[in-house]
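For reference, the structure discussed in these notes is given below.
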Amino acid sequence: MALCWLLIHIFLLTSSSSLAHNDFFTSIGHMTDLLFTEKDLVSSLKDYIRAEESKLEQVRRWADRLDVLSAAATQDPEGFLGHPVNAFKLMKRLNTEWGELESLVLTDMSDGFISNLTIKRQHFPNDDDQTGAAKALMRLLDTYQLDTNTISTGALPDPTHLRAKGNLKYFEYQLDKQKADEEGGGRQRSETRGRPADYLPERKKYEQLCRGEGLRMTPRRQSRLFCRYHDNNRHPKYVIGPVKQEDEWDRPRIVRYHDIVSDAEIEKVKELAKPKLRRATISNPVTGVLETAHYRISKSAWLGAFEHPVVDRINQRVQDVTGLDVTTAEELQVANYGVGGQYEPHFDFGRKDEPDAFEELGTGNRIATWLLYMSDVQAGGATVFTDVGAAIWPKKGTAVFWFNLFPSGEGDYRTRHAACPVLVGNKWVSNKWIHERGQEFRRRCDLHEGTD
């Protein structure tokens with residue numbers, strides 16, 4: 001009976017919605033907490049199993065003892081009961097000991113486990129998380145041209161992947177169900193809002209770039225890309241120890257800085273950001289209201305320079321390396337991507353059809369973007385520029401930099417870019433968006449050196 005009630009209780013718990021929904025599927029960093037939650041529950045479950053086994057062992061010893069006794073007693077009942085001690089013990093067993101056995105059998109050993117499960121359940125994923133993860137699998141299948149068998153058997157480019165076998169029918173069911181829902185019309189309505197008319201051709205190009213099938217530069221263009229030691233016009237900090245700069249693309253000019261932050265600095269930034277991570281939002285192009293979107297699957301946090309010396313040092317390093325004033329820049333945004341985490345093609349700068357973009361900041365448009373990779377990614381997760389066909393792959397400790405605006409202040413539409421879905425791995429990045437204010441007296445030709 002106790003076991004029956006336990007199963008009913010577990011069913012009710014697991015079928016109910018979470019009391020505190022945290023969009024777990026949008027951040028691998030937050031999902032790691034769930035592993036430790038589950039580990040604690042397994043430990044609690046084993047304690048319950050041991051308690052039940054101990055109880056059953058007591059019952060088994062009682063049954064074995066009485067089995068032997070009753071077998072002997074029933075051979076000669078009158079002779080057995082003729083001994084006064086045997087008669088007394090029979091009275092005592094039936095009057096007292098069987099009642100004690102009944103109490104033992106009815107003792108609920110699951111209280112501790114159920115209590116722990118009830119508490120942990122408040123922080124479990126809910127149906128939205130499961131649906132979000134299922135959609136992520138679809139996204140990975142489409143983007144990287146995989147099949148359901150590849151996903152279900154775990155045959156991904158990850159040698160440490162051990163589980164996921166036996167899930168083929170489940171994944172096929174979920175994918176068929178999701179596709180049927182989308183064919184009902186919901187997908188078309190939700191995905192076209194705020195997107196260009198050529199969304200589908202761009203989507204195809206985006207997926208090709210994510211698979212590494214991007215534009216191949218001509219040998220002549222490739223020959224103009226260099227690696228160099230960069231001291232930002234003999235900046236005092238970098239005259240003796242310049243930074244390593246690599247040309248990633250020529251038009252628009254995109255450069256990568258190698259070994260620009262240390263592992264210790266990265267871990268500190270992640271430590272500061274993790275408690276603040278919230279579902280990333282987009283600005284609705286019609287209403288201007290910040291809202292979540294299924295085409296941006298990540299969580300982000302904002303860190304000010306005052307929060308820790310490491311953040312202040314990174315900000316100062318951005319200014320020293322780029323020569324741009326960061327006092328009017330936005331705070332450091334830290335992002336962690338979720339299951340199949342991505343951010344579909346977008347611009348960092350405000351367009352003419354967004355007159356109120358960044359107005360509340362009072363610092364003008366986003367003149368440049370500094371994107372710092374804080375983790376390696378085993379597969380997927382590239383930053384791709386859909387207009388020009390560039391694909392840049394994450395490398396821990398490096399940063400890529402580009403200008404979003406021409407010297408005239410006009411937006412450079414070639415900088416439209418996207419974050420490809422993470423196929424395998426945990427992607428952490430941080431962004432520093434630098435604004436126009438504070439750059440007025442800097443030489444614009446130097447800022448855009450190498451651009452056309």
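Here's how to read the names in the structure tokens: chain A, B, ... by the order shown, residue numbers from 1 in each chain, ligand numbers from 1 in the order shown.
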
* Do a neighbour search on region 367-383 of chain A at 7 Å with only C-alpha atoms, toss out local chain neighbours closer than 2 positions, and write the hits as a PyMOL selection string. => chain A and resi 157+210+266+365+385+391-405+417-436

Go ahead and write the residues just picked, N, CA, C and O atoms, as a compact mmCIF listing (two decimals), in the first residue's frame.
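For reference, out_4.txt as written:
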# COMPACT_ATOMS: atom_id res chain seq x y z
N PRO A 157 29.49 14.48 -33.18
CA PRO A 157 30.94 14.64 -33.06
C PRO A 157 31.37 14.94 -31.64
O PRO A 157 31.92 15.99 -31.34
N CYS A 210 26.47 27.90 -41.36
CA CYS A 210 26.63 27.17 -40.10
C CYS A 210 27.27 25.81 -40.33
O CYS A 210 27.97 25.29 -39.44
N ILE A 266 38.10 34.73 -17.49
CA ILE A 266 36.86 34.17 -18.05
C ILE A 266 36.04 33.50 -16.95
O ILE A 266 34.81 33.71 -16.85
N ASN A 365 24.17 55.65 -31.76
CA ASN A 365 24.03 54.29 -32.26
C ASN A 365 25.23 53.43 -31.86
O ASN A 365 26.25 53.94 -31.39
N PHE A 385 28.10 35.82 -40.97
CA PHE A 385 27.64 37.07 -41.54
C PHE A 385 26.96 36.72 -42.86
O PHE A 385 27.63 36.43 -43.87
N ALA A 391 32.16 33.20 -41.96
CA ALA A 391 31.87 32.34 -40.82
C ALA A 391 33.08 32.35 -39.89
O ALA A 391 34.20 32.09 -40.32
N ILE A 392 32.83 32.67 -38.63
CA ILE A 392 33.91 32.76 -37.64
C ILE A 392 33.59 31.78 -36.52
O ILE A 392 32.50 31.81 -35.95
N TRP A 393 34.55 30.93 -36.20
CA TRP A 393 34.31 29.86 -35.24
C TRP A 393 34.82 30.22 -33.87
O TRP A 393 35.86 30.86 -33.73
N PRO A 394 34.10 29.84 -32.83
CA PRO A 394 34.49 30.19 -31.47
C PRO A 394 35.85 29.62 -31.10
O PRO A 394 36.18 28.48 -31.44
N LYS A 395 36.64 30.41 -30.42
CA LYS A 395 37.91 29.97 -29.85
C LYS A 395 38.10 30.68 -28.52
O LYS A 395 38.15 31.91 -28.47
N LYS A 396 38.17 29.90 -27.47
CA LYS A 396 38.23 30.46 -26.13
C LYS A 396 39.40 31.44 -25.98
O LYS A 396 40.51 31.16 -26.41
N GLY A 397 39.10 32.59 -25.37
CA GLY A 397 40.14 33.58 -25.11
C GLY A 397 40.38 34.55 -26.24
O GLY A 397 41.25 35.42 -26.12
N THR A 398 39.63 34.41 -27.35
CA THR A 398 39.79 35.34 -28.48
C THR A 398 38.58 36.26 -28.55
O THR A 398 37.51 35.96 -28.01
N ALA A 399 38.76 37.37 -29.24
CA ALA A 399 37.67 38.32 -29.44
C ALA A 399 37.66 38.77 -30.89
O ALA A 399 38.72 38.96 -31.49
N VAL A 400 36.47 38.91 -31.46
CA VAL A 400 36.35 39.46 -32.80
C VAL A 400 35.74 40.85 -32.70
O VAL A 400 34.95 41.14 -31.80
N PHE A 401 36.14 41.70 -33.63
CA PHE A 401 35.76 43.11 -33.58
C PHE A 401 35.42 43.59 -34.98
O PHE A 401 36.10 43.26 -35.95
N TRP A 402 34.33 44.36 -35.06
CA TRP A 402 33.97 44.98 -36.34
C TRP A 402 33.19 46.26 -36.09
O TRP A 402 32.66 46.49 -34.99
N PHE A 403 33.13 47.11 -37.13
CA PHE A 403 32.36 48.35 -37.05
C PHE A 403 30.99 48.13 -37.67
O PHE A 403 30.86 47.52 -38.73
N ASN A 404 29.97 48.62 -36.98
CA ASN A 404 28.60 48.52 -37.48
C ASN A 404 28.20 49.72 -38.33
O ASN A 404 27.23 49.63 -39.08
N LEU A 405 28.93 50.82 -38.21
CA LEU A 405 28.61 52.05 -38.92
C LEU A 405 29.78 52.49 -39.79
O LEU A 405 30.94 52.27 -39.45
N HIS A 417 24.46 39.56 -38.95
CA HIS A 417 25.13 38.34 -38.51
C HIS A 417 24.21 37.50 -37.63
O HIS A 417 23.12 37.93 -37.25
N ALA A 418 24.67 36.31 -37.32
CA ALA A 418 23.86 35.37 -36.54
C ALA A 418 24.78 34.45 -35.74
O ALA A 418 25.95 34.27 -36.09
N ALA A 419 24.22 33.89 -34.67
CA ALA A 419 24.91 32.86 -33.89
C ALA A 419 24.30 31.52 -34.26
O ALA A 419 23.11 31.29 -34.02
N CYS A 420 25.09 30.63 -34.84
CA CYS A 420 24.59 29.33 -35.28
C CYS A 420 24.23 28.45 -34.09
O CYS A 420 24.80 28.59 -33.00
N PRO A 421 23.30 27.52 -34.28
CA PRO A 421 22.94 26.60 -33.19
C PRO A 421 24.14 25.82 -32.68
O PRO A 421 24.98 25.38 -33.47
N VAL A 422 24.21 25.67 -31.38
CA VAL A 422 25.27 24.87 -30.77
C VAL A 422 24.88 23.40 -30.91
O VAL A 422 23.87 22.98 -30.35
N LEU A 423 25.68 22.65 -31.65
CA LEU A 423 25.37 21.23 -31.86
C LEU A 423 25.86 20.40 -30.68
O LEU A 423 25.12 19.60 -30.12
N VAL A 424 27.11 20.59 -30.30
CA VAL A 424 27.68 19.90 -29.14
C VAL A 424 28.56 20.89 -28.39
O VAL A 424 29.42 21.54 -28.98
N GLY A 425 28.34 21.00 -27.10
CA GLY A 425 29.20 21.87 -26.29
C GLY A 425 28.41 22.91 -25.53
O GLY A 425 27.17 22.95 -25.57
N ASN A 426 29.13 23.76 -24.84
CA ASN A 426 28.56 24.81 -24.00
C ASN A 426 29.18 26.13 -24.41
O ASN A 426 30.38 26.35 -24.21
N LYS A 427 28.40 27.01 -25.01
CA LYS A 427 28.91 28.25 -25.57
C LYS A 427 28.67 29.43 -24.63
O LYS A 427 27.54 29.74 -24.28
N TRP A 428 29.78 30.08 -24.25
CA TRP A 428 29.74 31.31 -23.46
C TRP A 428 30.39 32.42 -24.27
O TRP A 428 31.48 32.22 -24.82
N VAL A 429 29.74 33.56 -24.36
CA VAL A 429 30.32 34.73 -25.01
C VAL A 429 30.02 35.97 -24.17
O VAL A 429 29.15 35.94 -23.29
N SER A 430 30.74 37.04 -24.45
CA SER A 430 30.38 38.33 -23.87
C SER A 430 30.54 39.39 -24.95
O SER A 430 31.39 39.28 -25.84
N ASN A 431 29.68 40.40 -24.90
CA ASN A 431 29.66 41.47 -25.90
C ASN A 431 29.91 42.82 -25.25
O ASN A 431 29.44 43.08 -24.13
N LYS A 432 30.62 43.65 -25.97
CA LYS A 432 30.75 45.05 -25.59
C LYS A 432 30.32 45.88 -26.78
O LYS A 432 30.98 45.88 -27.83
N TRP A 433 29.17 46.53 -26.65
CA TRP A 433 28.66 47.37 -27.73
C TRP A 433 29.09 48.81 -27.48
O TRP A 433 28.70 49.42 -26.47
N ILE A 434 29.89 49.32 -28.39
CA ILE A 434 30.46 50.66 -28.26
C ILE A 434 29.60 51.64 -29.05
O ILE A 434 29.23 51.37 -30.20
N HIS A 435 29.30 52.79 -28.44
CA HIS A 435 28.39 53.77 -29.06
C HIS A 435 29.13 54.96 -29.64
O HIS A 435 30.33 55.15 -29.40
N GLU A 436 28.39 55.75 -30.40
CA GLU A 436 28.98 56.89 -31.13
C GLU A 436 29.54 57.97 -30.21
O GLU A 436 30.61 58.52 -30.48

request  = List every residue of region 14-62 of chain A that DSSP, applied to the backbone of this structure, places in helix (DSSP H, G or I), and write the result as number ranges by chain.
outcome  = A: 14-15, 24-26, 28-62

(Q) So the first atom is CA of Pro252 (chain A) and the second is CA of Arg414 (chain A); what is the distance between them in Å, to one decimal place? (A)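 Computing the Euclidean distance for CA of Pro252 (chain A) and CA of Arg414 (chain A) yields 6.7 Å.
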
Pick out each residue of region 176-376 of chain A that DSSP on the backbone tags as strand (DSSP E); I need them as a PyMOL selection string.
-> chain A and resi 227-230+243-249+254-258+278-279+282-283+290-291+298-303+332-337+343-346+366-373

- Which neighbours of Thr32 (chain A) fall inside 12 Å, counting only C-alpha atoms, when residues of the same chain fewer than 4 positions from it are skipped, and could you give them as a PyMOL selection string? chain A and resi 24-28+36-39+274+336+338-339+426

Review point. So how far away is CA of Gly409 (chain A) from CA of Phe347 (chain A), in Å?
Key: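 Between CA of Phe347 (chain A) and CA of Gly409 (chain A) the gap is 14.8 Å.
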
Val311 (chain A) surroundings by only C-alpha atoms, 10 Å radius, close-in-sequence under 3 positions cut, as an NGL selection string: :A and (265-266 or 268-269 or 272 or 303-308 or 314-317 or 331-332)
